[in-house]
Each structure stands twice: as C-alpha cells, then as structure tokens.
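Undergrad: Input file: query_20.pdb. Contents: PDB, C-alpha atoms, pLDDT in the B column.
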```pdb
ATOM      1  CA  MET A   1      61.560 -75.059   9.081  1.00 68.00           C
ATOM      2  CA  ASP A   2      64.272 -74.269  11.562  1.00 84.00           C
ATOM      3  CA  ILE A   3      64.075 -70.505  11.304  1.00 90.00           C
ATOM      4  CA  THR A   4      60.327 -70.293  11.944  1.00 92.00           C
ATOM      5  CA  ARG A   5      60.760 -72.514  14.993  1.00 91.00           C
ATOM      6  CA  ILE A   6      63.541 -70.323  16.374  1.00 92.00           C
ATOM      7  CA  VAL A   7      61.710 -67.078  15.666  1.00 93.00           C
ATOM      8  CA  GLY A   8      58.519 -68.386  17.281  1.00 92.00           C
ATOM      9  CA  ALA A   9      60.348 -69.594  20.363  1.00 92.00           C
ATOM     10  CA  CYS A  10      62.206 -66.277  20.635  1.00 93.00           C
ATOM     11  CA  LEU A  11      58.975 -64.278  20.350  1.00 94.00           C
ATOM     12  CA  ILE A  12      57.362 -66.364  23.095  1.00 93.00           C
ATOM     13  CA  ALA A  13      60.501 -65.985  25.193  1.00 93.00           C
ATOM     14  CA  SER A  14      60.525 -62.189  24.726  1.00 94.00           C
ATOM     15  CA  ILE A  15      56.936 -61.926  25.915  1.00 94.00           C
ATOM     16  CA  LEU A  16      57.738 -64.090  28.945  1.00 93.00           C
ATOM     17  CA  ILE A  17      60.859 -62.034  29.701  1.00 93.00           C
ATOM     18  CA  VAL A  18      58.877 -58.783  29.585  1.00 93.00           C
ATOM     19  CA  LEU A  19      56.304 -60.389  31.888  1.00 92.00           C
ATOM     20  CA  VAL A  20      58.933 -61.487  34.406  1.00 92.00           C
ATOM     21  CA  ARG A  21      61.151 -58.397  34.192  1.00 90.00           C
ATOM     22  CA  ALA A  22      58.532 -56.142  35.787  1.00 90.00           C
ATOM     23  CA  GLN A  23      58.637 -58.229  38.974  1.00 88.00           C
ATOM     24  CA  ARG A  24      61.989 -60.048  39.022  1.00 89.00           C
ATOM     25  CA  PRO A  25      64.660 -58.519  36.775  1.00 90.00           C
ATOM     26  CA  GLU A  26      67.341 -61.053  37.830  1.00 90.00           C
ATOM     27  CA  ILE A  27      65.264 -63.963  36.590  1.00 92.00           C
ATOM     28  CA  ALA A  28      64.634 -62.105  33.335  1.00 92.00           C
ATOM     29  CA  VAL A  29      68.407 -61.970  32.828  1.00 92.00           C
ATOM     30  CA  ALA A  30      68.627 -65.729  33.404  1.00 92.00           C
ATOM     31  CA  LEU A  31      65.848 -66.227  30.839  1.00 93.00           C
ATOM     32  CA  SER A  32      67.629 -64.184  28.193  1.00 92.00           C
ATOM     33  CA  ILE A  33      70.821 -66.200  28.808  1.00 92.00           C
ATOM     34  CA  ILE A  34      68.855 -69.427  28.335  1.00 93.00           C
ATOM     35  CA  VAL A  35      67.382 -68.121  25.069  1.00 93.00           C
ATOM     36  CA  GLY A  36      70.823 -67.248  23.743  1.00 91.00           C
ATOM     37  CA  VAL A  37      72.269 -70.624  24.705  1.00 92.00           C
ATOM     38  CA  SER A  38      69.316 -72.527  23.212  1.00 92.00           C
ATOM     39  CA  VAL A  39      69.509 -70.680  19.899  1.00 92.00           C
ATOM     40  CA  PHE A  40      73.231 -71.330  19.661  1.00 89.00           C
ATOM     41  CA  MET A  41      72.775 -75.012  20.521  1.00 90.00           C
ATOM     42  CA  TYR A  42      70.036 -75.301  17.914  1.00 90.00           C
ATOM     43  CA  MET A  43      72.229 -73.750  15.226  1.00 90.00           C
ATOM     44  CA  MET A  44      75.351 -75.622  16.305  1.00 87.00           C
ATOM     45  CA  SER A  45      75.069 -78.405  13.722  1.00 87.00           C
ATOM     46  CA  HIS A  46      74.783 -75.778  10.965  1.00 90.00           C
ATOM     47  CA  ILE A  47      77.741 -73.855  12.358  1.00 90.00           C
ATOM     48  CA  ALA A  48      79.817 -77.037  12.491  1.00 89.00           C
ATOM     49  CA  TYR A  49      78.871 -77.732   8.858  1.00 92.00           C
ATOM     50  CA  LEU A  50      79.922 -74.212   7.822  1.00 91.00           C
ATOM     51  CA  VAL A  51      83.210 -74.479   9.686  1.00 90.00           C
ATOM     52  CA  SER A  52      84.059 -77.858   8.192  1.00 90.00           C
ATOM     53  CA  THR A  53      83.224 -76.606   4.676  1.00 92.00           C
ATOM     54  CA  VAL A  54      85.451 -73.569   5.130  1.00 89.00           C
ATOM     55  CA  ALA A  55      88.209 -75.846   6.460  1.00 88.00           C
ATOM     56  CA  GLN A  56      87.917 -78.042   3.359  1.00 90.00           C
ATOM     57  CA  LEU A  57      88.111 -74.987   1.098  1.00 90.00           C
ATOM     58  CA  ALA A  58      91.190 -73.796   2.961  1.00 88.00           C
ATOM     59  CA  LEU A  59      92.758 -77.231   2.562  1.00 88.00           C
ATOM     60  CA  ARG A  60      92.036 -77.177  -1.171  1.00 90.00           C
ATOM     61  CA  ALA A  61      93.545 -73.697  -1.506  1.00 87.00           C
ATOM     62  CA  ARG A  62      96.677 -74.971   0.332  1.00 83.00           C
ATOM     63  CA  MET A  63      96.267 -72.247   2.924  1.00 78.00           C
ATOM     64  CA  GLY A  64      98.336 -72.643   6.068  1.00 75.00           C
ATOM     65  CA  ASN A  65      96.463 -74.242   8.919  1.00 78.00           C
ATOM     66  CA  ILE A  66      97.436 -71.484  11.335  1.00 80.00           C
ATOM     67  CA  TYR A  67      95.459 -68.853   9.409  1.00 84.00           C
ATOM     68  CA  LEU A  68      92.184 -70.747   9.472  1.00 86.00           C
ATOM     69  CA  ALA A  69      92.714 -71.638  13.146  1.00 87.00           C
ATOM     70  CA  SER A  70      93.277 -67.945  13.964  1.00 89.00           C
ATOM     71  CA  VAL A  71      90.142 -66.885  12.115  1.00 89.00           C
ATOM     72  CA  LEU A  72      88.041 -69.532  13.842  1.00 89.00           C
ATOM     73  CA  LYS A  73      89.436 -68.629  17.239  1.00 91.00           C
ATOM     74  CA  ALA A  74      88.729 -64.940  16.629  1.00 93.00           C
ATOM     75  CA  VAL A  75      85.137 -65.728  15.627  1.00 92.00           C
ATOM     76  CA  GLY A  76      84.643 -67.902  18.709  1.00 92.00           C
ATOM     77  CA  ILE A  77      86.081 -65.293  21.073  1.00 94.00           C
ATOM     78  CA  ALA A  78      83.984 -62.579  19.429  1.00 94.00           C
ATOM     79  CA  TYR A  79      80.847 -64.691  19.766  1.00 92.00           C
ATOM     80  CA  VAL A  80      81.371 -65.527  23.456  1.00 93.00           C
ATOM     81  CA  ALA A  81      82.426 -61.993  24.404  1.00 95.00           C
ATOM     82  CA  GLY A  82      79.598 -60.409  22.434  1.00 94.00           C
ATOM     83  CA  PHE A  83      77.059 -62.745  24.003  1.00 93.00           C
ATOM     84  CA  ALA A  84      78.208 -61.940  27.530  1.00 94.00           C
ATOM     85  CA  ALA A  85      78.415 -58.211  26.784  1.00 95.00           C
ATOM     86  CA  GLU A  86      74.884 -58.137  25.389  1.00 93.00           C
ATOM     87  CA  VAL A  87      73.525 -59.974  28.406  1.00 92.00           C
ATOM     88  CA  SER A  88      75.282 -57.576  30.774  1.00 94.00           C
ATOM     89  CA  ARG A  89      74.060 -54.563  28.796  1.00 93.00           C
ATOM     90  CA  ASP A  90      70.499 -55.932  28.903  1.00 90.00           C
ATOM     91  CA  ALA A  91      70.835 -56.265  32.656  1.00 89.00           C
ATOM     92  CA  GLY A  92      71.845 -52.595  32.817  1.00 90.00           C
ATOM     93  CA  GLU A  93      75.529 -53.168  33.576  1.00 92.00           C
ATOM     94  CA  GLN A  94      77.153 -51.013  30.912  1.00 95.00           C
ATOM     95  CA  ALA A  95      80.517 -50.945  32.676  1.00 96.00           C
ATOM     96  CA  ILE A  96      80.775 -54.743  32.905  1.00 96.00           C
ATOM     97  CA  ALA A  97      79.731 -55.020  29.248  1.00 96.00           C
ATOM     98  CA  SER A  98      82.496 -52.708  28.080  1.00 96.00           C
ATOM     99  CA  LYS A  99      85.026 -54.579  30.226  1.00 96.00           C
ATOM    100  CA  ILE A 100      84.016 -57.882  28.618  1.00 96.00           C
ATOM    101  CA  GLU A 101      84.357 -56.291  25.185  1.00 96.00           C
ATOM    102  CA  PHE A 102      87.791 -54.970  26.119  1.00 97.00           C
ATOM    103  CA  ALA A 103      88.904 -58.449  27.227  1.00 97.00           C
ATOM    104  CA  GLY A 104      87.551 -59.916  23.991  1.00 96.00           C
ATOM    105  CA  LYS A 105      89.430 -57.357  21.904  1.00 96.00           C
ATOM    106  CA  VAL A 106      92.683 -58.112  23.719  1.00 96.00           C
ATOM    107  CA  ALA A 107      92.155 -61.866  23.316  1.00 94.00           C
ATOM    108  CA  ILE A 108      91.471 -61.504  19.573  1.00 94.00           C
ATOM    109  CA  MET A 109      94.553 -59.291  19.227  1.00 94.00           C
ATOM    110  CA  VAL A 110      96.663 -61.996  20.912  1.00 94.00           C
ATOM    111  CA  VAL A 111      95.246 -64.621  18.547  1.00 92.00           C
ATOM    112  CA  ALA A 112      95.833 -62.429  15.485  1.00 91.00           C
ATOM    113  CA  LEU A 113      99.364 -61.359  16.395  1.00 93.00           C
ATOM    114  CA  PRO A 114     101.219 -64.373  14.845  1.00 89.00           C
ATOM    115  CA  VAL A 115      99.478 -63.730  11.513  1.00 88.00           C
ATOM    116  CA  MET A 116     100.402 -60.058  11.645  1.00 90.00           C
ATOM    117  CA  VAL A 117     104.015 -60.929  12.443  1.00 92.00           C
ATOM    118  CA  ALA A 118     104.083 -63.356   9.505  1.00 89.00           C
ATOM    119  CA  ILE A 119     102.800 -60.659   7.137  1.00 90.00           C
ATOM    120  CA  LEU A 120     105.351 -58.166   8.413  1.00 93.00           C
ATOM    121  CA  GLU A 121     108.143 -60.714   8.008  1.00 93.00           C
ATOM    122  CA  THR A 122     107.080 -61.326   4.400  1.00 92.00           C
ATOM    123  CA  VAL A 123     107.128 -57.593   3.720  1.00 93.00           C
ATOM    124  CA  MET A 124     110.589 -57.312   5.291  1.00 93.00           C
ATOM    125  CA  ARG A 125     111.834 -60.140   3.098  1.00 92.00           C
ATOM    126  CA  PHE A 126     110.578 -58.301   0.017  1.00 91.00           C
ATOM    127  CA  LEU A 127     112.273 -55.102   1.144  1.00 88.00           C
ATOM    128  CA  ASP A 128     115.646 -56.731   1.775  1.00 82.00           C
TER
ATOM    129  CA  MET B   1      63.178 -75.827  19.842  1.00 75.00           C
ATOM    130  CA  PRO B   2      64.967 -77.706  22.626  1.00 76.00           C
ATOM    131  CA  GLY B   3      65.423 -75.452  25.632  1.00 81.00           C
ATOM    132  CA  ILE B   4      61.982 -73.860  25.372  1.00 88.00           C
ATOM    133  CA  ASP B   5      60.861 -76.145  28.225  1.00 91.00           C
ATOM    134  CA  LEU B   6      63.589 -74.626  30.387  1.00 91.00           C
ATOM    135  CA  ILE B   7      62.372 -71.137  29.442  1.00 92.00           C
ATOM    136  CA  PHE B   8      58.840 -72.013  30.547  1.00 93.00           C
ATOM    137  CA  LYS B   9      60.179 -73.596  33.734  1.00 93.00           C
ATOM    138  CA  ILE B  10      62.222 -70.537  34.681  1.00 93.00           C
ATOM    139  CA  THR B  11      59.323 -68.203  33.845  1.00 93.00           C
ATOM    140  CA  GLY B  12      57.160 -70.296  36.169  1.00 93.00           C
ATOM    141  CA  ILE B  13      59.740 -70.033  38.925  1.00 93.00           C
ATOM    142  CA  GLY B  14      59.953 -66.287  38.369  1.00 93.00           C
ATOM    143  CA  ILE B  15      56.196 -65.762  38.587  1.00 93.00           C
ATOM    144  CA  LEU B  16      55.980 -68.054  41.628  1.00 93.00           C
ATOM    145  CA  VAL B  17      58.771 -66.192  43.402  1.00 93.00           C
ATOM    146  CA  ALA B  18      57.175 -62.845  42.562  1.00 92.00           C
ATOM    147  CA  VAL B  19      53.827 -63.993  43.994  1.00 93.00           C
ATOM    148  CA  ILE B  20      55.433 -65.418  47.151  1.00 93.00           C
ATOM    149  CA  HIS B  21      57.416 -62.214  47.567  1.00 92.00           C
ATOM    150  CA  MET B  22      54.256 -60.118  47.207  1.00 92.00           C
ATOM    151  CA  ILE B  23      52.269 -62.237  49.670  1.00 94.00           C
ATOM    152  CA  LEU B  24      55.024 -62.255  52.281  1.00 93.00           C
ATOM    153  CA  GLU B  25      55.445 -58.513  51.957  1.00 91.00           C
ATOM    154  CA  GLN B  26      51.704 -57.955  52.330  1.00 92.00           C
ATOM    155  CA  VAL B  27      51.730 -60.068  55.483  1.00 91.00           C
ATOM    156  CA  GLY B  28      54.620 -57.997  56.749  1.00 89.00           C
ATOM    157  CA  LYS B  29      57.432 -60.598  56.773  1.00 88.00           C
ATOM    158  CA  LYS B  30      60.005 -58.730  54.770  1.00 88.00           C
ATOM    159  CA  ASP B  31      62.944 -60.956  55.791  1.00 90.00           C
ATOM    160  CA  TYR B  32      61.115 -64.102  54.666  1.00 91.00           C
ATOM    161  CA  ALA B  33      60.260 -62.386  51.385  1.00 92.00           C
ATOM    162  CA  PHE B  34      63.952 -61.722  50.832  1.00 92.00           C
ATOM    163  CA  ILE B  35      64.835 -65.337  51.616  1.00 92.00           C
ATOM    164  CA  ALA B  36      62.206 -66.548  49.119  1.00 91.00           C
ATOM    165  CA  THR B  37      63.631 -64.274  46.419  1.00 92.00           C
ATOM    166  CA  LEU B  38      67.148 -65.437  47.190  1.00 93.00           C
ATOM    167  CA  THR B  39      66.160 -69.108  47.001  1.00 93.00           C
ATOM    168  CA  GLY B  40      64.409 -68.633  43.678  1.00 92.00           C
ATOM    169  CA  THR B  41      67.382 -66.783  42.255  1.00 93.00           C
ATOM    170  CA  ILE B  42      69.794 -69.497  43.398  1.00 95.00           C
ATOM    171  CA  ILE B  43      67.667 -72.270  41.872  1.00 94.00           C
ATOM    172  CA  VAL B  44      67.460 -70.387  38.566  1.00 94.00           C
ATOM    173  CA  LEU B  45      71.196 -69.680  38.669  1.00 93.00           C
ATOM    174  CA  ALA B  46      71.956 -73.378  39.164  1.00 94.00           C
ATOM    175  CA  MET B  47      69.922 -74.177  36.042  1.00 91.00           C
ATOM    176  CA  VAL B  48      71.500 -71.373  34.020  1.00 93.00           C
ATOM    177  CA  ILE B  49      75.068 -72.200  35.003  1.00 94.00           C
ATOM    178  CA  GLN B  50      74.771 -75.713  33.569  1.00 92.00           C
ATOM    179  CA  LYS B  51      73.513 -74.256  30.306  1.00 91.00           C
ATOM    180  CA  ILE B  52      76.322 -71.690  30.198  1.00 93.00           C
ATOM    181  CA  GLY B  53      78.828 -74.506  30.683  1.00 93.00           C
ATOM    182  CA  ASP B  54      77.209 -76.379  27.779  1.00 91.00           C
ATOM    183  CA  LEU B  55      77.458 -73.245  25.618  1.00 90.00           C
ATOM    184  CA  PHE B  56      81.142 -72.746  26.414  1.00 91.00           C
ATOM    185  CA  ASP B  57      81.880 -76.404  25.673  1.00 91.00           C
ATOM    186  CA  ALA B  58      80.056 -76.112  22.349  1.00 89.00           C
ATOM    187  CA  VAL B  59      81.831 -72.889  21.394  1.00 89.00           C
ATOM    188  CA  THR B  60      85.263 -74.284  22.285  1.00 90.00           C
ATOM    189  CA  THR B  61      84.684 -77.434  20.224  1.00 89.00           C
ATOM    190  CA  VAL B  62      83.100 -75.725  17.198  1.00 87.00           C
ATOM    191  CA  PHE B  63      85.583 -72.869  16.932  1.00 86.00           C
ATOM    192  CA  ARG B  64      88.579 -74.944  18.159  1.00 80.00           C
ATOM    193  CA  LEU B  65      89.320 -72.484  20.923  1.00 77.00           C
ATOM    194  CA  TRP B  66      91.292 -74.770  23.235  1.00 72.00           C
TER
END
```
Could you render the structure as structure tokens?

TA:
Amino acid sequence: MDITRIVGACLIASILIVLVRAQRPEIAVALSIIVGVSVFMYMMSHIAYLVSTVAQLALRARMGNIYLASVLKAVGIAYVAGFAAEVSRDAGEQAIASKIEFAGKVAIMVVALPVMVAILETVMRFLD
Amino acid sequence: MPGIDLIFKITGIGILVAVIHMILEQVGKKDYAFIATLTGTIIVLAMVIQKIGDLFDAVTTVFRLW
C-alpha cells in the first residue's frame, strides 16, 4: 500500500528531524524539505491521473479550456507557495512565510482575473 | 518510498557535523568548528537544491504552470 509506505517513511523522518534539530536546526530544515519533495514525487503519478481525469470531464462538459487551466494553475501556485511557507514557518521565519503567502495570493489573483472579467462581461451583457 | 535514502544520508551528515562541531569546540578551535558546520550545510544545501528543482519541474508540468 502506498499510504502505509508514505506514513511510515514520514514517521521515521519526523523522528530523525527531531534528533537532528536539537543540534543542527538548519539541517533539520533541509530534511523537512526533502520529505515534502519526496512525498509529492511519490504521489505525482496519482496527481497526474486526477488532473487528466478532470480534464477529460471538462472536455465532455464542453467547458472552456481557459477555466480548467486557471483552476490548475491556481492549485499549483497554492501548492508551491504553501509548501514554501510551511517550511519557512517550521524554520521559525514567520515573516518570510507570510511574504510567500502574500506573493502566492497575488499570483492566484492574477491567474483568476480573466475568469472574473469574463463573468462580469456576461453579467453586463445580461443587464444591457 | 524513493527519497528515504536521501533522508538517511542527510541525517547522517547532520549527526556527523554535530559531532565534529562538538569535538572541535571541546578542543578549543571555534573557527574550525564554524568551518565544519558551514561545509556540512553547503553539502546538504547542494543536495536539497537539486530536489527542489525536481519538485518545481514536477509541479509546473503537472499543473501546467508555464
């Protein structure tokens, strides 16, 4: 089973991180980054399967391609920004973490803006 | 899980660096202890940076971020 493997590896990694953090906190941060990357890499095939299934559903529903692309981009930005923010917060850098989250919010807003404009244009057309 | 070998490797480096740091500080060579810590950190960083690049590549391809 995938999940038992991941949970076991993460438990071992947490114990090792606690062991290392007492002496060398900077290496503990590197370890937690490696754990995050490994888990994502391990789940990547499943994530790709999910994304392709959702894309097929969107195609079948004749949804515009731009909407699905925006959603995927927003999820990707949120994942990367959240990952970096959590690592920084673990390392005790609250300020850096909130800056990363701010940048992620702005980036998602930029991605979502065309969709919002399209909705507003539709509403305007109804009102006219 | 792939990547667990890297976790063990980095933990080993961390413990090794901590021990070297402790020994050098006991002997009284504080500057050498700092250099040992710095070297260990740089080695670990070089390993981690490759992995972070892999992660960003994976995220950009999976979520079509380009």

Undergrad: Would you list the residues near (64.9, -72.5, 34.2) (no more than 8 Å away, in the coordinates of the file, using only C-alpha atoms) as a PyMOL selection string?

TA: (chain A and resi 30-31+34) or (chain B and resi 6-11+13+44+47-48)

Undergrad: Given the file above and the ChimeraX specification (/B :<7) & /A, which residues are selected, and can you give them as a count of residues only?

TA: 18

Undergrad: Step by step, gather every atom of segment 44-61 of chain B that the file lists, find the box along x, y and z that holds them, add 3 Å on each side, and finally give centre and edge lengths in Å to one decimal, as JSON.

TA:
```
{"center_x": 76.4, "center_y": -73.6, "center_z": 29.7, "size_x": 23.8, "size_y": 13.8, "size_z": 24.9}
```

Undergrad: Atom CA of Ile20 of chain B and atom CA of Ala36 of chain B, how far apart in Å?

TA: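 Going from atom CA of Ala36 of chain B over to atom CA of Ile20 of chain B covers 7.1 Å.
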
Undergrad: Find the distance between atom CA of Ile35 of chain B and atom CA of Leu16 of chain B and write it in Å to one decimal.

TA: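 Distance between the two atoms: 13.6 Å.
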
Undergrad: Taking only C-alpha atoms into account, which of A:Val35, A:Ala85, A:Ile77, A:Leu68 comes nearest Val106 of chain A?

TA: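 Looking at the shortest contact to Val106 of chain A, the residue is A:Ile77.
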
Undergrad: For atom CA of Met63 of chain A and atom CA of Ile119 of chain A, quote the distance in Å rounded to one decimal.

TA: 14.0 Å

Undergrad: Which residues fall under the PyMOL selection byres ((chain A and resi 91) around 9) in this file, as an MDAnalysis selection string?

TA: chainID A and resid 25:26 28:29 86:90 92:94

Undergrad: What residues have an atom no more than 12 Å from (87.1, -57.3, 27.2) in the file's own frame, counting only C-alpha atoms, and can you write them as a PyMOL selection string?

TA: chain A and resi 77-78+80-85+95-109

Undergrad: Which residue is closest to Met116 of chain A? Choose from A:Tyr79, A:Val7, A:Leu19, A:Ile66 and count only C-alpha atoms.

TA: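 Among the listed residues, A:Ile66 lies closest to Met116 of chain A.
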